[in-house]
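Note sheet for the following structure.
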Amino acid sequence: MAGLLRIESVFTAYDRADVLHGVSLTVEPGSITCLLGANGSGKTTLVRSILGLTPPRAGRIIFDGREITALPTHKIIAAGIACIPEGRKVFPKLTVEENLRVGAYGERSKAAVAARMDEIMRIFPRLAERRAQLAGTMSGGEQAMVSIGRGLMCAPKLLLIDEPSLGLSPLLVKENFNIIRHINARGITILLVEQNVHQTLAISHQGYVLSKGKVVAAGSPDELKDRAEVREAYFG
Amino acid sequence: MATSGDRLGGAGLALVKPGTCAGRAQLAMRHRVREKGRGSRPEAGSVATANTMDIGLFAQYVMNGLMLGMMYALVAVGFTLFFGVLDVIKFSHGDVLTVGAFTALATFVGLSRLGLESQWFDLAVMLGAATLAMALLGMLIARVLVLPLRGAPPLNTLLITLMLGTVLRESVRLFYPQGANPKPFPALLPRGSVNLGDFHLRFDNVMMLAAGVAAIAALQYLLHRTKLGLAIRAVAQDEETARTMGINFTAIVLVTFAIGSALAAFAGVMNGLYYNEINFGIGLYLGVIGFSAAIIGGLGSIYGAILGGFLFAALQTVGTVLLPFASAYKDVFAFAVVIALMAWRPTGLIREKISERV
Ligand SMILES: Nc1ncnc2c1ncn2[C@@H]1O[C@H](COP(=O)(O)OP(=O)(O)OP(=O)(O)O)[C@@H](O)[C@H]1O
Ligand SMILES: [Mg+2]
């Protein structure tokens, strides 16, 4: 199987010490693939490797049939990847609308930008009310909406989502999962990093468990549910 | 006569301290101005007869302060832009201004040799050549010196660009024909003025101010109404996230350095037109002031930098008025106030209102 995203024995290091020790995984087109693992197991590092923020020291990353391992970040994005980064990372001194516009930076058609903006305002009516507010003055949950909306603005083929529900209330977490499913239903492939194991597995098609920078388990949600590795990763 | 002349010199020719090479230039200039008795400088007699400052002189001080403030603001904005996108201080910024002013002068000399002496045409070509050349120089500096030093402590960038500034300055001195001497700068703007009572409002000053306002307005438009501006602001706020939005970080840095350096060239030409003279030291002096202005304004804020530039000019002007016996100390006065301001508001006058959330 080709896979939309193929990661082949990637080693990534900050400074000298390797954090990822030969990670391989495949994200099938159209799927929601989740990445589980304890704190510090290297999930964010893998996302950063894909984005070229901390390029792998060794190994290959192939996206849409093309190697992107050594490309600068903006070219990786241009190839059709978007991300909703860990910690939301909204631009605090840009308005909500400007944040969304930055998300559509690679899009040339003004009509397409306007259409997507409208769509996101429909998904998150709260953002429509607060179009002109500086994102840095929004509440944590509202900032999460900005971050998610921004990630959708470029209509990516693959969306990397790193712990979008961190710090949200249970109600918003549930809403969040609905939105992810909704996004996926419209044909966007998703690689999801999450801490809420049960809800994550409930919406995923495929999952990987990372531990200390290695893939220790992989399979369908049903297979993963009962695996000891998952329990170990989250419950010690 | 001598006193009023000095006071005028202090207000009007506030650019350089006596004693330095640039200072000699200033003295020479004062001399010339007194001889020529050009339009806007108030007549000595009017000062001598009035004990309190009359309206005309006051207006002249204000006009002069505005001109200085505009130049400082244009330089300060560059420091702010560079710091915004890269978190570095590029100390050679002022000397880029010098090179820009000399580029304009060389262009003028070239045009004159070709026999092209239409004022507006010459001015347009000079301004175009200076801003374009400095935009390219700014990009080159960013590409070759500043970007490669990203991994190093910011202090290293400051040091290296400080040295680069010296190289640029000394190059002008050594390689421009008689570059060590002050060079007369052509007065290409209309000479006329309207008399408002005692105050002669000079057309050239008004035009320069208007051009400065237009330049700043254009920058604001660029930053707040265009996609490029949005990208610059995004990079300034969070470089890494900006990159993950598909923004080509390197390209944005280069464009930003081009814009800032072009504005410095613009200020350099303005400086030449205002004083009808340039020398290799103008940029160093304007650079130090522009840097201070940017810091007062809370490095990173464009409005702050502009405010800082005008505030510094106001301080110098006030210093000149308050210290008529020693207007040479107006810079000491202005810098002393800046130091006091910094002690009072260490992060500058414009404070960030947004606390970042996790
Ligand atoms: N910038 C960095 N410099 C050095 N080490 C880092 C850096 N970022 C992360 N690490 C280390 O790399 C390891 C993996 O971190 P990573 O952020 O990928 O974990 P994670 O799986 O995303 O954890 P979490 O669930 O807490 O987000 C950790 O041991 C961490 O300390
Ligand atoms: Mg993480």
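We label chains A, B, ... in the order they appear in the structure tokens, count residues from 1 in each chain, and number ligands from 1 in the order shown.
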
Exercise. Residues at most 10 Å from Ala142 of chain B, counting only C-alpha atoms, excluding those fewer than 4 positions away in the same chain, as a PyMOL selection string?
Worked result: chain B and resi 82+86+90+136-138+146-149+250+253-258

Exercise. Residues within 9 Å of ligand 1 (only C-alpha atoms and all ligand atoms), as a count of residues only?
Worked result: 32

Problem set entry | Test item: chain B residues at most 12 Å from chain A, counting only C-alpha atoms, as JSON, numbers by chain | {"B": [223, 224, 225, 226, 227, 228, 229, 230, 231, 232, 233, 234, 235, 236, 237, 238, 239, 240, 241, 242, 243, 244, 245, 246, 247, 248, 249, 250, 251, 252, 300, 301, 352, 353, 354, 355, 356, 357, 358]}

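Atom pair atom CA of Ala210 of chain B / atom CA of Val85 of chain B has a distance of 28.0 Å (rounded to one decimal).
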
Exercise. Which residues come within 10 Å of segment 104-117 of chain B, counting only C-alpha atoms, excluding same-chain residues fewer than 3 positions away, as JSON, numbers by chain?
Worked result: {"B": [98, 99, 100, 101, 120, 121, 122, 123, 124, 125, 126, 127, 128, 129, 130, 131, 133, 176, 177, 183, 184, 185, 186, 188, 265, 266, 268, 269, 272, 277, 278]}

Using N, CA, C and O atoms, can you write the selected residues to a file as a compact mmCIF listing (two decimals), in the first residue's frame?
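Saved file out_22.txt follows:
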# COMPACT_ATOMS: atom_id res chain seq x y z
N THR B 98 24.05 56.37 5.28
CA THR B 98 25.14 57.16 4.70
C THR B 98 25.41 56.73 3.26
O THR B 98 25.49 57.56 2.35
N VAL B 99 25.56 55.42 3.08
CA VAL B 99 25.84 54.92 1.74
C VAL B 99 24.70 55.31 0.79
O VAL B 99 24.93 55.69 -0.36
N GLY B 100 23.47 55.28 1.31
CA GLY B 100 22.32 55.68 0.49
C GLY B 100 22.42 57.14 0.08
O GLY B 100 22.20 57.48 -1.09
N ALA B 101 22.76 58.00 1.03
CA ALA B 101 22.87 59.44 0.72
C ALA B 101 23.97 59.67 -0.31
O ALA B 101 23.81 60.46 -1.25
N TRP B 120 13.28 67.80 -11.05
CA TRP B 120 12.40 66.71 -10.61
C TRP B 120 12.89 65.37 -11.12
O TRP B 120 12.88 64.38 -10.39
N PHE B 121 13.35 65.39 -12.37
CA PHE B 121 13.86 64.15 -12.94
C PHE B 121 15.07 63.67 -12.13
O PHE B 121 15.15 62.51 -11.73
N ASP B 122 16.00 64.60 -11.90
CA ASP B 122 17.19 64.23 -11.12
C ASP B 122 16.81 63.65 -9.76
O ASP B 122 17.32 62.62 -9.33
N LEU B 123 15.90 64.36 -9.10
CA LEU B 123 15.51 63.94 -7.75
C LEU B 123 14.89 62.54 -7.78
O LEU B 123 15.22 61.68 -6.96
N ALA B 124 14.02 62.32 -8.76
CA ALA B 124 13.36 61.02 -8.84
C ALA B 124 14.39 59.92 -9.09
O ALA B 124 14.35 58.86 -8.44
N VAL B 125 15.33 60.17 -10.00
CA VAL B 125 16.33 59.15 -10.29
C VAL B 125 17.24 58.91 -9.07
O VAL B 125 17.56 57.78 -8.72
N MET B 126 17.62 60.01 -8.41
CA MET B 126 18.48 59.87 -7.22
C MET B 126 17.79 59.04 -6.14
O MET B 126 18.38 58.14 -5.55
N LEU B 127 16.53 59.39 -5.90
CA LEU B 127 15.79 58.69 -4.85
C LEU B 127 15.61 57.23 -5.24
O LEU B 127 15.80 56.32 -4.42
N GLY B 128 15.29 57.01 -6.51
CA GLY B 128 15.11 55.64 -6.98
C GLY B 128 16.40 54.84 -6.85
O GLY B 128 16.39 53.72 -6.33
N ALA B 129 17.51 55.43 -7.29
CA ALA B 129 18.78 54.72 -7.24
C ALA B 129 19.18 54.43 -5.80
O ALA B 129 19.60 53.31 -5.47
N ALA B 130 19.04 55.44 -4.93
CA ALA B 130 19.47 55.27 -3.54
C ALA B 130 18.62 54.21 -2.83
O ALA B 130 19.16 53.31 -2.17
N THR B 131 17.30 54.29 -2.98
CA THR B 131 16.46 53.34 -2.25
C THR B 131 16.64 51.92 -2.80
O THR B 131 16.73 50.96 -2.04
N ALA B 133 19.30 50.69 -4.43
CA ALA B 133 20.63 50.17 -4.10
C ALA B 133 20.69 49.76 -2.63
O ALA B 133 21.26 48.72 -2.29
N TYR B 176 34.94 57.40 -1.77
CA TYR B 176 34.22 58.46 -2.46
C TYR B 176 35.21 59.59 -2.67
O TYR B 176 35.97 59.92 -1.77
N PRO B 177 35.22 60.20 -3.85
CA PRO B 177 36.19 61.27 -4.08
C PRO B 177 36.11 62.33 -2.99
O PRO B 177 35.04 62.87 -2.73
N LYS B 183 30.27 66.97 1.80
CA LYS B 183 29.98 67.20 0.39
C LYS B 183 28.70 68.02 0.25
O LYS B 183 27.70 67.70 0.90
N PRO B 184 28.75 69.04 -0.58
CA PRO B 184 27.50 69.79 -0.81
C PRO B 184 26.47 68.90 -1.50
O PRO B 184 26.81 68.09 -2.36
N PHE B 185 25.24 69.00 -1.06
CA PHE B 185 24.16 68.18 -1.62
C PHE B 185 23.23 69.13 -2.36
O PHE B 185 22.88 70.18 -1.84
N PRO B 186 22.87 68.80 -3.59
CA PRO B 186 22.09 69.75 -4.39
C PRO B 186 20.73 70.06 -3.76
O PRO B 186 20.08 69.17 -3.21
N LEU B 188 17.36 70.44 -4.61
CA LEU B 188 16.56 70.15 -5.80
C LEU B 188 15.09 70.48 -5.64
O LEU B 188 14.32 70.40 -6.57
N ALA B 265 17.69 54.87 3.25
CA ALA B 265 18.18 55.64 2.11
C ALA B 265 17.32 56.88 1.90
O ALA B 265 17.81 57.98 1.65
N PHE B 266 16.02 56.71 2.04
CA PHE B 266 15.07 57.81 1.91
C PHE B 266 15.40 58.89 2.95
O PHE B 266 15.48 60.08 2.62
N GLY B 268 18.25 59.36 4.32
CA GLY B 268 19.55 59.93 3.97
C GLY B 268 19.42 61.02 2.92
O GLY B 268 20.03 62.08 3.03
N VAL B 269 18.59 60.78 1.92
CA VAL B 269 18.37 61.79 0.89
C VAL B 269 17.69 63.01 1.51
O VAL B 269 18.03 64.16 1.23
N GLY B 272 20.18 65.06 3.27
CA GLY B 272 20.97 65.85 2.33
C GLY B 272 20.22 67.07 1.83
O GLY B 272 20.76 68.18 1.77
N GLU B 277 23.95 69.29 2.53
CA GLU B 277 25.30 68.80 2.75
C GLU B 277 25.21 67.42 3.39
O GLU B 277 24.32 67.17 4.19
N ILE B 278 26.14 66.55 3.00
CA ILE B 278 26.22 65.26 3.69
C ILE B 278 27.68 64.99 4.00
O ILE B 278 28.58 65.57 3.38

Exercise. Could you name the residues that touch segment 182-191 of chain A at 10 Å or less, counting only C-alpha atoms, but leaving out those on the same chain fewer than 2 positions away, as a PyMOL selection string?
Worked result: chain A and resi 4-5+26-35+47+81-83+123+152+155-162+176-180+193-194+203-204+206-207

For this session: Can you list, as a ChimeraX atom specification, all residues belonging to segment 13-249 of chain B that DSSP tags as strand (DSSP E or B)?
Result: /B:183-184,193-196,199-202

Problem set entry | DSSP alpha helix (DSSP H) residues within segment 56-199 of chain A, as a ChimeraX atom specification | /A:73-78,96-103,110-123,125-129,140-152,170-185,197-199

Problem set entry | Given only C-alpha atoms as the counted atoms, nearest of B:Phe280, B:Tyr221, B:Phe310, B:Phe91 to Val172 of chain B | B:Phe280

For this session: Do a neighbour search on His93 of chain B at 8 Å with only C-alpha atoms, toss out local chain neighbours closer than 6 positions, and write the hits as a PyMOL selection string.
Result: chain B and resi 75+78-79+165+261+264+283+287

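Coordinates place atom CA of Leu315 of chain B at a distance of 14.4 Å from atom CA of Gly297 of chain B.
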
Surrounding residues of Val96 of chain A excluding itself and chain neighbours under 6 positions, 7 Å, only C-alpha atoms, as a PDB file with all heavy atoms, in the first residue's frame:
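Writing done, so here's selection_9.pdb:
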ATOM      1  N   LEU A 127     -16.215  32.407  16.366  1.00  0.00           N
ATOM      2  CA  LEU A 127     -15.175  33.155  15.660  1.00  0.00           C
ATOM      3  C   LEU A 127     -15.788  34.258  14.809  1.00  0.00           C
ATOM      4  O   LEU A 127     -15.213  35.330  14.659  1.00  0.00           O
ATOM      5  CB  LEU A 127     -14.343  32.226  14.781  1.00  0.00           C
ATOM      6  CG  LEU A 127     -13.561  31.135  15.508  1.00  0.00           C
ATOM      7  CD1 LEU A 127     -12.643  30.416  14.536  1.00  0.00           C
ATOM      8  CD2 LEU A 127     -12.763  31.704  16.667  1.00  0.00           C
ATOM      9  N   ARG A 130     -16.319  37.216  16.757  1.00  0.00           N
ATOM     10  CA  ARG A 130     -15.108  37.864  17.256  1.00  0.00           C
ATOM     11  C   ARG A 130     -14.041  38.047  16.190  1.00  0.00           C
ATOM     12  O   ARG A 130     -12.859  38.067  16.467  1.00  0.00           O
ATOM     13  CB  ARG A 130     -14.538  37.030  18.413  1.00  0.00           C
ATOM     14  CG  ARG A 130     -15.582  36.898  19.468  1.00  0.00           C
ATOM     15  CD  ARG A 130     -15.120  36.241  20.706  1.00  0.00           C
ATOM     16  NE  ARG A 130     -16.113  36.482  21.727  1.00  0.00           N
ATOM     17  CZ  ARG A 130     -15.844  37.113  22.867  1.00  0.00           C
ATOM     18  NH1 ARG A 130     -14.648  37.549  23.110  1.00  0.00           N
ATOM     19  NH2 ARG A 130     -16.796  37.302  23.736  1.00  0.00           N
ATOM     20  N   ARG A 131     -14.494  38.193  14.991  1.00  0.00           N
ATOM     21  CA  ARG A 131     -13.607  38.379  13.829  1.00  0.00           C
ATOM     22  C   ARG A 131     -12.467  39.341  14.060  1.00  0.00           C
ATOM     23  O   ARG A 131     -11.336  39.092  13.676  1.00  0.00           O
ATOM     24  CB  ARG A 131     -14.456  38.972  12.700  1.00  0.00           C
ATOM     25  CG  ARG A 131     -14.831  38.038  11.628  1.00  0.00           C
ATOM     26  CD  ARG A 131     -15.484  38.850  10.514  1.00  0.00           C
ATOM     27  NE  ARG A 131     -14.952  38.411   9.243  1.00  0.00           N
ATOM     28  CZ  ARG A 131     -15.541  37.484   8.492  1.00  0.00           C
ATOM     29  NH1 ARG A 131     -16.669  36.938   8.876  1.00  0.00           N
ATOM     30  NH2 ARG A 131     -14.994  37.126   7.358  1.00  0.00           N
ATOM     31  N   ALA A 132     -12.779  40.486  14.648  1.00  0.00           N
ATOM     32  CA  ALA A 132     -11.805  41.579  14.735  1.00  0.00           C
ATOM     33  C   ALA A 132     -11.053  41.600  16.063  1.00  0.00           C
ATOM     34  O   ALA A 132     -10.267  42.485  16.322  1.00  0.00           O
ATOM     35  CB  ALA A 132     -12.506  42.911  14.513  1.00  0.00           C
ATOM     36  N   GLN A 133     -11.310  40.583  16.904  1.00  0.00           N
ATOM     37  CA  GLN A 133     -10.627  40.559  18.196  1.00  0.00           C
ATOM     38  C   GLN A 133      -9.216  40.009  18.035  1.00  0.00           C
ATOM     39  O   GLN A 133      -8.971  39.096  17.233  1.00  0.00           O
ATOM     40  CB  GLN A 133     -11.420  39.682  19.170  1.00  0.00           C
ATOM     41  CG  GLN A 133     -10.859  39.686  20.583  1.00  0.00           C
ATOM     42  CD  GLN A 133     -11.780  38.961  21.566  1.00  0.00           C
ATOM     43  OE1 GLN A 133     -12.977  38.804  21.316  1.00  0.00           O
ATOM     44  NE2 GLN A 133     -11.204  38.504  22.660  1.00  0.00           N
ATOM     45  N   LEU A 134      -8.264  40.553  18.789  1.00  0.00           N
ATOM     46  CA  LEU A 134      -6.905  40.009  18.751  1.00  0.00           C
ATOM     47  C   LEU A 134      -6.924  38.617  19.360  1.00  0.00           C
ATOM     48  O   LEU A 134      -7.490  38.399  20.439  1.00  0.00           O
ATOM     49  CB  LEU A 134      -5.943  40.907  19.525  1.00  0.00           C
ATOM     50  CG  LEU A 134      -5.691  42.291  18.941  1.00  0.00           C
ATOM     51  CD1 LEU A 134      -4.643  43.034  19.764  1.00  0.00           C
ATOM     52  CD2 LEU A 134      -5.243  42.191  17.484  1.00  0.00           C
ATOM     53  N   ALA A 135      -6.301  37.675  18.652  1.00  0.00           N
ATOM     54  CA  ALA A 135      -6.375  36.283  19.087  1.00  0.00           C
ATOM     55  C   ALA A 135      -5.777  36.090  20.477  1.00  0.00           C
ATOM     56  O   ALA A 135      -6.224  35.238  21.238  1.00  0.00           O
ATOM     57  CB  ALA A 135      -5.667  35.397  18.067  1.00  0.00           C
ATOM     58  N   VAL A 146      -9.551  29.021  16.917  1.00  0.00           N
ATOM     59  CA  VAL A 146      -8.770  29.785  15.932  1.00  0.00           C
ATOM     60  C   VAL A 146      -7.711  28.880  15.310  1.00  0.00           C
ATOM     61  O   VAL A 146      -7.522  28.844  14.088  1.00  0.00           O
ATOM     62  CB  VAL A 146      -8.092  31.015  16.586  1.00  0.00           C
ATOM     63  CG1 VAL A 146      -7.178  31.721  15.588  1.00  0.00           C
ATOM     64  CG2 VAL A 146      -9.132  31.986  17.120  1.00  0.00           C
TER      65      VAL A 146
END

For this session: Using only C-alpha atoms, determine which residues lie at most 12 Å from Ile302 of chain B, disregarding the query and same-chain residues fewer than 5 positions distant; provide the list as JSON, numbers by chain.
Result: {"B": [73, 74, 75, 76, 77, 78, 79, 80, 81, 82, 83, 84, 216, 217, 219, 220, 223, 224, 233, 236, 260, 293, 294, 295, 296, 297, 307, 308, 309, 350]}

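Take the candidates A:Phe124, A:Ile61, A:Met145, A:Pro164 and check each one against ligand 2 using only C-alpha atoms and all ligand atoms; the shortest distance goes to A:Pro164.
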